[in-house]
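> Submitted below is the structure of interest, expressed as structure tokens.
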Amino acid sequence: MALRIALAGWYGSDNLGDEMILSCMAAALRARGVEPVAVSIDPERTAAVHGVAAVAHRSPLDGAALRRSLRRAHAMVLSGGVVQSETSPWNMWFHMSRLRAYRRSAPAPSTGGQPRAAVAAIGLGAGHVRGARSRRMAVSEMRRACHVVTRDAASAQRLRDWGVPDVAVGADPVLAGDAALVSSRAAATRPPHSGPPGPTGSTGSRSDSEDTICVILRPPNRRGIRTAAAKARTSWQPWTGQLARSLDALAEHSGMTLRLLPFQPSQDTPMLVALRQKMRTDAELVTLNIDNVLAEVARSRLVVTMRYHGAIAALLNDQAAVVLDYSPKMRSLAAEGGGWASLVDLAPLDARRFEPRTLIDAANEAQDKSHRTAEARGSLRARLKINDAALDDLLERIQ
């Protein structure tokens with residue numbers, strides 16, 4: 001029987017960043033002759049989009065059903081920026097409940113004793129976690145994992161400070177690039193053990209880019225007990241006028257057209273539609289999916305992004321980028337390779353003091369720093385070897 005590994009993360013939503021993670025992780029498993037099984041909030045959609053087996057998990061209260069679904073899985077891998085309560089206080093309960101459910105699903109060894117369950121965290125992001133109880137929950141699960149590999153040094157230090165002793169610094173799985181995203185759906189025919197896709201440079205070329213600016217915005221995180229989706233319906237409204245004026249100024253100063261890309265359409269599109277209605281300059285609203293997302297980002301000369309994987313896409317495509325600092329992960333990514341992207345503090349938006357000149361200055365700085373993209377991309381892709389080593393060791397443990 002082929003080995004089956006459950007992949008856990010924020011999968012099954014319309015968040016293209018997380019869907020790219022799933023694509024790359026599934027490709028890495030298939031390249032090793034392993035069957036991926038996605039834990040998804042929408043298993044039918046996940047199976048259709050990614051061509052993988054998928055099991056349902058939509059609530060921490062679904063633990064018993066998830067345990068039954070995972071009985072044939074030999075291990076579980078958790079990935080993505082899931083160790084945080086920035087988007088919702090329920091976030092930690094949701095993701096850690098999956099690890100607990102898998103541990104409890106593992107059968108006892110034939111010789112007796114406690115059930116064994118192999119769990120690894122690979123390409124993990126750790127952000128702000130509010131409350132000692134939530135941090136203890138994360139620490140408890142991470143200490144049980146055979147490997148904890150974060151996507152950046154700041155996440156690793158955060159986990160160590162909380163009490164997770166053995167943390168390695170790898171990279172975000174999406175840095176495997178376009179080859180891995182394509183192979184997620186094509187690699188079912190790949191010969192087993194042929195090795196994961198080998199990233200060798202940028203996925204695009206600046207000479208192929210149009211004179212446009214790619215703008216990737218999202219609703220800001222707000223504190224409160226509501227879910228992230230509920231808060232996203234209105235959290236962006238105080239920002240709209242300020243952002244419209246700033247983007248108009250950027251378009252007029254640069255002479256370039258704006259292209260608005262919703263990386264999570266259910267949350268981002270209402271914000272972008274309202275923004276476009278307030279702008280004086282024309283802006284194109286682009287329809288994205290898992291197959292065209294990197295290519296659509298690559299069409300522009302400059303990327304202004306509030307989405308983490310929008311910045312990853314810019315890095316893969318060798319593009320200048322303005323990173324909007326709404327979360328620690330954005331700051332950490334912008335600093336890679338000696339600081340390859342410019343960083344914009346968004347606190348003035350909440351104070352209603354965001355100046356239109358801010359984006360113009362940041363865009364100029366981004367162009368000046370763009371020669372560092374190759375170094376940052378090379379450094380991050382070299383760290384994918386840490387991810388691969390953890391995955392290979394996990395497979396050795398369960399064979």
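Just so we're on the same page: first chain in the structure tokens is A, next is B, and so on; residues restart at 1 for each chain, and ligands are numbered from 1 in the order they show up.
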List as a list of chain:residue names the protein and nucleic acid residues near Ala73 in chain A, meaning an atom at most 9 Å away when only C-alpha atoms are counted, but skip any in the same chain fewer than 6 places from it.
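Final neighbour list, sorted by chain and number: A:Leu3, A:Arg4, A:Ile5, A:Ala6, A:Val37, A:Tyr102, A:Ser105, A:Ala106.
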> Write out as number ranges by chain the set of residues from range 354-386 of chain A that DSSP, computed on the backbone, places in alpha helix (DSSP H).
A: 357-369, 373-382, 384-386
> Excluding range 340-352 of chain A and its own-chain neighbours fewer than 4 positions away, which residues fall within 8 Å of it when counting only C-alpha atoms? Please give them as a ChimeraX atom specification.
/A:238-239,242,320-326,331,334-336,358-359,362-363,365-366,369-373,376
> Which residues are close to Leu22 in chain A, i.e. within 10 Å by only C-alpha atoms, leaving aside same-chain residues fewer than 6 positions away? Reply as a list in words.
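Contacts, with the query itself left out: Leu7, Ala8, Gly9, Trp10, Tyr11, Gly12, Leu16, Ala28, Pro36, Ala38, Thr46, His50, Val52, Ser79, Gly80, Pro173, Val174, Leu181 and Ser184 of chain A.
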> Print the selection's residues with C-alpha atoms to a file, as a PDB file, in the first residue's frame.

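Full text of part_32.pdb as output:
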ATOM      1  CA  LEU A   7      -1.581  17.811   4.395  1.00  0.00           C
ATOM      2  CA  ALA A   8      -3.028  20.344   6.833  1.00  0.00           C
ATOM      3  CA  GLY A   9      -3.269  24.096   6.363  1.00  0.00           C
ATOM      4  CA  TRP A  10      -5.915  26.612   5.349  1.00  0.00           C
ATOM      5  CA  TYR A  11      -6.935  24.540   2.330  1.00  0.00           C
ATOM      6  CA  GLY A  12     -10.214  24.541   0.438  1.00  0.00           C
ATOM      7  CA  LEU A  16      -4.742  31.528  -3.537  1.00  0.00           C
ATOM      8  CA  ALA A  28       6.698  17.313  -3.345  1.00  0.00           C
ATOM      9  CA  PRO A  36      -1.195  13.361  -0.590  1.00  0.00           C
ATOM     10  CA  ALA A  38      -5.616  17.232   1.901  1.00  0.00           C
ATOM     11  CA  THR A  46      -9.939  20.686  -3.310  1.00  0.00           C
ATOM     12  CA  HIS A  50      -5.725  19.812  -7.146  1.00  0.00           C
ATOM     13  CA  VAL A  52      -5.840  14.955  -4.647  1.00  0.00           C
ATOM     14  CA  SER A  79       2.195  24.152   6.482  1.00  0.00           C
ATOM     15  CA  GLY A  80       1.482  27.846   6.019  1.00  0.00           C
ATOM     16  CA  PRO A 173       6.892  25.925  -0.070  1.00  0.00           C
ATOM     17  CA  VAL A 174       5.670  28.225  -2.863  1.00  0.00           C
ATOM     18  CA  LEU A 181       2.425  24.576  -9.159  1.00  0.00           C
ATOM     19  CA  SER A 184       0.599  19.554  -8.673  1.00  0.00           C
TER      20      SER A 184
END
> Which residues are close to range 246-258 of chain A, i.e. within 8 Å by only C-alpha atoms, leaving aside same-chain residues fewer than 4 positions away? Reply as JSON, numbers by chain.
{"A": [211, 212, 213, 214, 215, 242, 279, 280, 281, 282, 283, 284, 355, 356, 357, 358, 359, 360]}
> Go ahead and dump the residues you just picked, N, CA and C atoms, as a PDB file, in the first residue's frame.

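New file result-v2.pdb:
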ATOM      1  N   ASP A 211       3.744  47.895 -18.841  1.00  0.00           N
ATOM      2  CA  ASP A 211       3.882  49.113 -18.044  1.00  0.00           C
ATOM      3  C   ASP A 211       2.650  49.272 -17.171  1.00  0.00           C
ATOM      4  N   THR A 212       2.509  48.352 -16.237  1.00  0.00           N
ATOM      5  CA  THR A 212       1.397  48.377 -15.291  1.00  0.00           C
ATOM      6  C   THR A 212       1.928  48.124 -13.888  1.00  0.00           C
ATOM      7  N   ILE A 213       1.096  48.452 -12.922  1.00  0.00           N
ATOM      8  CA  ILE A 213       1.405  48.191 -11.514  1.00  0.00           C
ATOM      9  C   ILE A 213       0.375  47.202 -10.993  1.00  0.00           C
ATOM     10  N   CYS A 214       0.856  46.119 -10.427  1.00  0.00           N
ATOM     11  CA  CYS A 214      -0.007  45.093  -9.842  1.00  0.00           C
ATOM     12  C   CYS A 214      -0.283  45.475  -8.384  1.00  0.00           C
ATOM     13  N   VAL A 215      -1.555  45.611  -8.033  1.00  0.00           N
ATOM     14  CA  VAL A 215      -1.954  46.007  -6.681  1.00  0.00           C
ATOM     15  C   VAL A 215      -2.725  44.855  -6.043  1.00  0.00           C
ATOM     16  N   GLN A 242      -8.447  56.966   1.543  1.00  0.00           N
ATOM     17  CA  GLN A 242      -7.006  57.226   1.594  1.00  0.00           C
ATOM     18  C   GLN A 242      -6.252  56.397   0.556  1.00  0.00           C
ATOM     19  N   MET A 279     -11.633  55.874  -7.186  1.00  0.00           N
ATOM     20  CA  MET A 279     -10.434  56.349  -7.864  1.00  0.00           C
ATOM     21  C   MET A 279     -10.769  57.186  -9.094  1.00  0.00           C
ATOM     22  N   ARG A 280      -9.889  58.136  -9.400  1.00  0.00           N
ATOM     23  CA  ARG A 280     -10.035  58.939 -10.613  1.00  0.00           C
ATOM     24  C   ARG A 280      -9.460  58.213 -11.826  1.00  0.00           C
ATOM     25  N   THR A 281      -8.382  57.480 -11.605  1.00  0.00           N
ATOM     26  CA  THR A 281      -7.708  56.788 -12.700  1.00  0.00           C
ATOM     27  C   THR A 281      -8.345  55.426 -12.953  1.00  0.00           C
ATOM     28  N   ASP A 282      -8.175  54.944 -14.174  1.00  0.00           N
ATOM     29  CA  ASP A 282      -8.709  53.629 -14.521  1.00  0.00           C
ATOM     30  C   ASP A 282      -7.879  52.533 -13.860  1.00  0.00           C
ATOM     31  N   ALA A 283      -8.554  51.462 -13.471  1.00  0.00           N
ATOM     32  CA  ALA A 283      -7.873  50.302 -12.900  1.00  0.00           C
ATOM     33  C   ALA A 283      -8.608  49.051 -13.359  1.00  0.00           C
ATOM     34  N   GLU A 284      -7.846  48.053 -13.749  1.00  0.00           N
ATOM     35  CA  GLU A 284      -8.419  46.784 -14.212  1.00  0.00           C
ATOM     36  C   GLU A 284      -8.545  45.823 -13.038  1.00  0.00           C
ATOM     37  N   GLU A 355      -0.418  59.555   3.744  1.00  0.00           N
ATOM     38  CA  GLU A 355      -0.161  60.564   2.718  1.00  0.00           C
ATOM     39  C   GLU A 355      -0.012  59.919   1.339  1.00  0.00           C
ATOM     40  N   PRO A 356      -0.588  60.511   0.287  1.00  0.00           N
ATOM     41  CA  PRO A 356      -0.444  59.962  -1.065  1.00  0.00           C
ATOM     42  C   PRO A 356       1.002  59.792  -1.503  1.00  0.00           C
ATOM     43  N   ARG A 357       1.889  60.655  -0.968  1.00  0.00           N
ATOM     44  CA  ARG A 357       3.295  60.585  -1.366  1.00  0.00           C
ATOM     45  C   ARG A 357       3.951  59.285  -0.885  1.00  0.00           C
ATOM     46  N   THR A 358       3.362  58.643   0.122  1.00  0.00           N
ATOM     47  CA  THR A 358       3.978  57.461   0.728  1.00  0.00           C
ATOM     48  C   THR A 358       4.217  56.363  -0.292  1.00  0.00           C
ATOM     49  N   LEU A 359       3.215  56.043  -1.094  1.00  0.00           N
ATOM     50  CA  LEU A 359       3.374  54.966  -2.078  1.00  0.00           C
ATOM     51  C   LEU A 359       4.336  55.358  -3.191  1.00  0.00           C
ATOM     52  N   ILE A 360       4.356  56.626  -3.556  1.00  0.00           N
ATOM     53  CA  ILE A 360       5.296  57.080  -4.591  1.00  0.00           C
ATOM     54  C   ILE A 360       6.730  56.881  -4.116  1.00  0.00           C
TER      55      ILE A 360
END
> Find the residues around Ala132 in chain A up to 12 Å (only C-alpha atoms counted), leave out those fewer than 4 positions away in its own chain, and share them as a ChimeraX atom specification.
/A:85,92,128,136-139,162-163
> Measuring between only C-alpha atoms, which one of A:Leu302, A:Met271, A:Ala389, A:Leu29 shows the shortest distance to Ala314 in chain A?
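Counting only C-alpha atoms, the residue closest to Ala314 in chain A is A:Leu302.
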